[in-house]
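Some notes on the structure that comes next.
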Amino acid sequence: MTTMMDVYDRLYSHYGPQQWWPGETALEIMVGAILVQNTAWKNVEKAITNLKEQGLLDPQALHACHLEELAETIRSAGYYRLKAKRLKNLITFLIEEFDGDLDQMFATDTTTLREQLLAINGIGPETADSILLYAANKRVFVVDTYTARVLKRHGWIWAEADYYQIQDHFVSELPQEIELYNEYHALLVSVGHHHCRKTPKCEECPLADLLPGGQIVDFE
DNA sequence: CACCAGGCAAGTA
DNA sequence: TACTTGCATGGT
């Protein structure tokens, strides 16, 4: 029987420590979490560089920036008009509820803050949890597309499992430690980038021998 | 050329 | 509730 800890050990042995999130400040991590929605990280990097050059990686500056100017600055991240609005929604929340103070925001009870984040238009479960784990340093397990694919293709969860069922699968099996949650999600993205894509390359995957019958359980 | 990327919300029935 | 569609740039 394969446990989720076995999977972690294999991924860690193969890929090593991932040093996530790839961002300097808490604000940069939150901005990145929105910009990376259904988008390659490479496209987000240029957008964040542009924001830094424009001096926009700051709560007050973002709040003061016009929507159209913000949209042009983050153009390379794709869905740029949509994401400009989503960034504005998050910043407005930060300014109005916490006076633009991230430490004050992160001092909020985790369950309450999660509900508040989910109430913001443009922030769903993965974005909220990414912010909580990687920006706020809270003990929250992040689930993304790759995570679902890895578990479903290996038959470790039923194909119809939703976000919260997948999240519970990890939380109920693993030691509940922030560092483990942090590293595990990053490792799942890494194996996703290399192998567990829509057209998977399972041959050299560190989890290849765990496939049921050596076959991919196709659920898409 | 087609396909995909570290989602989410709104519309339809 | 359960599908479907729009959003968009940039790499393979």
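Scheme for the structure tokens: letters A, B, ... for chains in order shown; per-chain residue numbers from 1; ligand numbers from 1 in order shown.
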
* Restrict the distance test to only C-alpha atoms (C1' of nucleotides), flag each residue of chain B within 10 Å of chain A, and return the flagged residues as a ChimeraX atom specification. => /B:3-9

Save the residues we just selected, N, CA and C atoms (P, O5', C5', C4', C3', O3' and C1' of nucleotides), as a short mmCIF file (atom, residue, chain, number, x, y, z; two decimals), in the first residue's frame?
```cif
data_model
loop_
_atom_site.label_atom_id
_atom_site.label_comp_id
_atom_site.auth_asym_id
_atom_site.auth_seq_id
_atom_site.Cartn_x
_atom_site.Cartn_y
_atom_site.Cartn_z
P DC B 3 -5.64 20.54 -31.05
"O5'" DC B 3 -4.66 20.67 -29.80
"C5'" DC B 3 -3.51 19.84 -29.73
"C4'" DC B 3 -2.63 20.28 -28.57
"C3'" DC B 3 -3.43 20.58 -27.29
"O3'" DC B 3 -2.91 19.80 -26.24
"C1'" DC B 3 -1.90 22.32 -27.77
P DC B 4 -3.82 19.52 -24.93
"O5'" DC B 4 -3.05 20.42 -23.87
"C5'" DC B 4 -1.66 20.18 -23.65
"C4'" DC B 4 -1.05 21.37 -22.98
"C3'" DC B 4 -1.81 21.86 -21.73
"O3'" DC B 4 -0.95 21.74 -20.62
"C1'" DC B 4 -1.12 23.67 -23.12
P DA B 5 -1.54 21.69 -19.12
"O5'" DA B 5 -0.75 22.89 -18.42
"C5'" DA B 5 0.66 22.94 -18.54
"C4'" DA B 5 1.13 24.35 -18.26
"C3'" DA B 5 0.63 24.92 -16.93
"O3'" DA B 5 1.66 25.73 -16.39
"C1'" DA B 5 -0.03 26.32 -18.70
P DG B 6 2.43 25.38 -15.14
"O5'" DG B 6 1.45 25.47 -13.85
"C5'" DG B 6 0.48 24.48 -13.55
"C4'" DG B 6 -0.20 24.83 -12.23
"C3'" DG B 6 -0.91 26.17 -12.20
"O3'" DG B 6 -2.13 26.05 -11.46
"C1'" DG B 6 0.85 26.20 -10.62
P DG B 7 -3.37 25.90 -12.38
"O5'" DG B 7 -4.27 27.11 -11.87
"C5'" DG B 7 -5.35 26.85 -10.97
"C4'" DG B 7 -6.05 28.14 -10.66
"C3'" DG B 7 -7.29 27.95 -9.80
"O3'" DG B 7 -7.35 29.04 -8.90
"C1'" DG B 7 -7.90 28.79 -11.96
P DC B 8 -8.50 29.04 -7.82
"O5'" DC B 8 -9.66 29.85 -8.51
"C5'" DC B 8 -9.40 31.18 -8.92
"C4'" DC B 8 -10.59 31.71 -9.69
"C3'" DC B 8 -11.94 31.43 -9.03
"O3'" DC B 8 -12.47 32.66 -8.54
"C1'" DC B 8 -11.96 31.08 -11.41
P DA B 9 -13.85 32.76 -7.85
"O5'" DA B 9 -14.77 33.21 -9.06
"C5'" DA B 9 -14.34 34.31 -9.86
"C4'" DA B 9 -15.31 34.54 -11.00
"C3'" DA B 9 -16.78 34.58 -10.59
"O3'" DA B 9 -17.40 35.60 -11.34
"C1'" DA B 9 -16.49 32.94 -12.25
#
```

| task | Give as a list in words every residue of chain C that touches chain A within 9 Å, counting only C-alpha atoms (C1' of nucleotides). | result | DC7, DA8, DT9, DG10 and DG11 of chain C

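Counting from CA of Glu69 in chain A, the distance to C1' of DG11 in chain B is 29.1 Å.
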
Which residues come within 12 Å of Leu133 in chain A, counting only C-alpha atoms (C1' of nucleotides), excluding same-chain residues fewer than 3 positions away, as number ranges by chain? A: 20-21, 26, 29-30, 33, 106, 110, 114, 126-130, 136-143, 177-186

* Enumerate as a ChimeraX atom specification all residues of range 14-188 of chain A assigned to alpha helix (DSSP H) by DSSP on the backbone, naming them with the chain letters and numbers the document uses. => /A:14-15,26-35,41-53,59-64,67-73,80-98,102-106,110-118,125-130,145-153,163-173,178-188

Report as a short mmCIF file (atom, residue, chain, number, x, y, z; two decimals) with C-alpha atoms, in the first residue's frame all protein, DNA and RNA residues lying within 9 Å of range 57-64 of chain A, evaluated on only C-alpha atoms (C1' of nucleotides), omitting residues in the same chain fewer than 2 positions from it.
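Output saved as out.cif:
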```cif
data_model
loop_
_atom_site.label_atom_id
_atom_site.label_comp_id
_atom_site.auth_asym_id
_atom_site.auth_seq_id
_atom_site.Cartn_x
_atom_site.Cartn_y
_atom_site.Cartn_z
CA LEU A 27 3.00 40.77 -1.25
CA GLU A 28 4.97 39.42 -4.21
CA VAL A 31 0.42 38.83 -6.48
CA ILE A 48 6.38 40.70 -11.75
CA LEU A 51 5.60 45.58 -11.55
CA LYS A 52 8.87 46.02 -9.67
CA GLU A 53 10.27 48.38 -12.31
CA GLN A 54 7.10 50.47 -12.09
CA GLY A 55 7.33 50.53 -8.30
CA HIS A 66 -5.25 52.85 -12.59
CA LEU A 70 -1.95 47.80 -14.15
CA LEU A 87 -5.35 42.10 -8.06
CA LYS A 88 -7.36 45.24 -7.39
CA ILE A 91 -5.57 45.05 -2.64
CA THR A 92 -8.84 46.81 -1.86
CA LEU A 94 -6.03 44.56 2.20
CA ILE A 95 -6.33 48.36 2.38
CA GLY A 100 -2.58 47.84 3.87
CA ASP A 101 -0.71 46.03 6.66
#
```

Counting only C-alpha atoms, closest pick from A:Ala84, A:Ala161, A:Val191, A:Ile131 relative to Cys65 in chain A is A:Ala84

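All residues of protein, DNA or RNA that reach within 9 Å of Ile157 in chain A, judged by only C-alpha atoms (C1' of nucleotides) and not counting those fewer than 4 positions away in the chain, are Ala148, Leu151, Lys152, Arg153, Ala161, Gln165, Ile166 and His169 of chain A.
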
Just N, CA and C atoms for this one: save the residues we selected as a PDB file, in the first residue's frame.
```pdb
ATOM      1  N   ALA A 148      -4.123  16.716  -8.433  1.00  0.00           N
ATOM      2  CA  ALA A 148      -5.295  15.898  -8.747  1.00  0.00           C
ATOM      3  C   ALA A 148      -4.934  14.821  -9.764  1.00  0.00           C
ATOM      4  N   LEU A 151      -2.761  11.891  -8.197  1.00  0.00           N
ATOM      5  CA  LEU A 151      -3.541  11.005  -7.332  1.00  0.00           C
ATOM      6  C   LEU A 151      -4.547  10.169  -8.112  1.00  0.00           C
ATOM      7  N   LYS A 152      -5.210  10.799  -9.084  1.00  0.00           N
ATOM      8  CA  LYS A 152      -6.257  10.091  -9.826  1.00  0.00           C
ATOM      9  C   LYS A 152      -5.679   9.072 -10.796  1.00  0.00           C
ATOM     10  N   ARG A 153      -4.587   9.416 -11.448  1.00  0.00           N
ATOM     11  CA  ARG A 153      -3.993   8.486 -12.409  1.00  0.00           C
ATOM     12  C   ARG A 153      -3.416   7.249 -11.739  1.00  0.00           C
ATOM     13  N   ALA A 161     -13.178  12.986  -7.176  1.00  0.00           N
ATOM     14  CA  ALA A 161     -12.862  13.733  -5.949  1.00  0.00           C
ATOM     15  C   ALA A 161     -12.694  15.228  -6.239  1.00  0.00           C
ATOM     16  N   GLN A 165     -11.742  17.068  -0.977  1.00  0.00           N
ATOM     17  CA  GLN A 165     -11.500  15.640  -0.746  1.00  0.00           C
ATOM     18  C   GLN A 165     -10.032  15.304  -0.983  1.00  0.00           C
ATOM     19  N   ILE A 166      -9.444  15.924  -2.004  1.00  0.00           N
ATOM     20  CA  ILE A 166      -8.019  15.714  -2.277  1.00  0.00           C
ATOM     21  C   ILE A 166      -7.180  16.297  -1.141  1.00  0.00           C
ATOM     22  N   HIS A 169      -7.280  14.144   1.840  1.00  0.00           N
ATOM     23  CA  HIS A 169      -6.511  12.916   1.653  1.00  0.00           C
ATOM     24  C   HIS A 169      -5.085  13.096   2.168  1.00  0.00           C
TER      25      HIS A 169
END
```

What's around Asp6 in chain A at 12 Å? Count only C-alpha atoms (C1' of nucleotides), leave out sequence neighbours fewer than 2 positions away in its own chain, and write the answer as a VMD selection string. chain A and resid 1 to 4 8 to 13 170 173 to 174 184 206 to 207 210

Using N, CA and C atoms, can you export the residues from the last selection as a tab-separated table (two decimals), in the first residue's frame?
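This is the output file again_4.tsv:
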```tsv
chain	number	residue	atom	x	y	z
A	1	MET	N	0.85	-1.21	0.00
A	1	MET	CA	0.00	0.00	0.00
A	1	MET	C	0.88	1.26	0.00
A	2	THR	N	0.66	2.08	-0.96
A	2	THR	CA	1.44	3.32	-1.08
A	2	THR	C	0.84	4.41	-0.19
A	3	THR	N	1.65	4.98	0.66
A	3	THR	CA	1.17	6.11	1.47
A	3	THR	C	1.62	7.42	0.85
A	4	MET	N	0.97	8.48	1.22
A	4	MET	CA	1.35	9.79	0.69
A	4	MET	C	2.73	10.22	1.17
A	8	TYR	N	5.96	11.32	-1.12
A	8	TYR	CA	6.79	12.49	-0.79
A	8	TYR	C	8.27	12.14	-0.78
A	9	ASP	N	8.60	11.03	-0.13
A	9	ASP	CA	10.01	10.63	-0.03
A	9	ASP	C	10.62	10.39	-1.41
A	10	ARG	N	9.85	9.76	-2.30
A	10	ARG	CA	10.34	9.52	-3.66
A	10	ARG	C	10.59	10.83	-4.39
A	11	LEU	N	9.61	11.73	-4.30
A	11	LEU	CA	9.74	13.01	-5.01
A	11	LEU	C	10.89	13.83	-4.44
A	12	TYR	N	11.02	13.83	-3.12
A	12	TYR	CA	12.10	14.61	-2.51
A	12	TYR	C	13.46	14.04	-2.88
A	13	SER	N	13.56	12.70	-2.88
A	13	SER	CA	14.83	12.06	-3.24
A	13	SER	C	15.20	12.39	-4.69
A	170	PHE	N	-4.50	14.26	1.90
A	170	PHE	CA	-3.15	14.54	2.37
A	170	PHE	C	-3.14	14.86	3.86
A	173	GLU	N	-3.48	11.93	6.21
A	173	GLU	CA	-2.40	10.93	6.20
A	173	GLU	C	-1.07	11.46	6.70
A	174	LEU	N	-0.83	12.74	6.51
A	174	LEU	CA	0.51	13.29	6.76
A	174	LEU	C	0.66	13.91	8.15
A	184	TYR	N	5.92	19.68	-0.17
A	184	TYR	CA	5.15	18.67	-0.90
A	184	TYR	C	4.45	19.26	-2.11
A	206	PRO	N	9.66	9.45	-11.41
A	206	PRO	CA	10.02	8.74	-10.17
A	206	PRO	C	8.86	7.93	-9.58
A	207	LEU	N	7.64	8.16	-10.07
A	207	LEU	CA	6.48	7.42	-9.57
A	207	LEU	C	5.99	6.38	-10.58
A	210	LEU	N	4.69	2.92	-9.76
A	210	LEU	CA	3.52	2.86	-8.89
A	210	LEU	C	2.22	2.90	-9.68
```
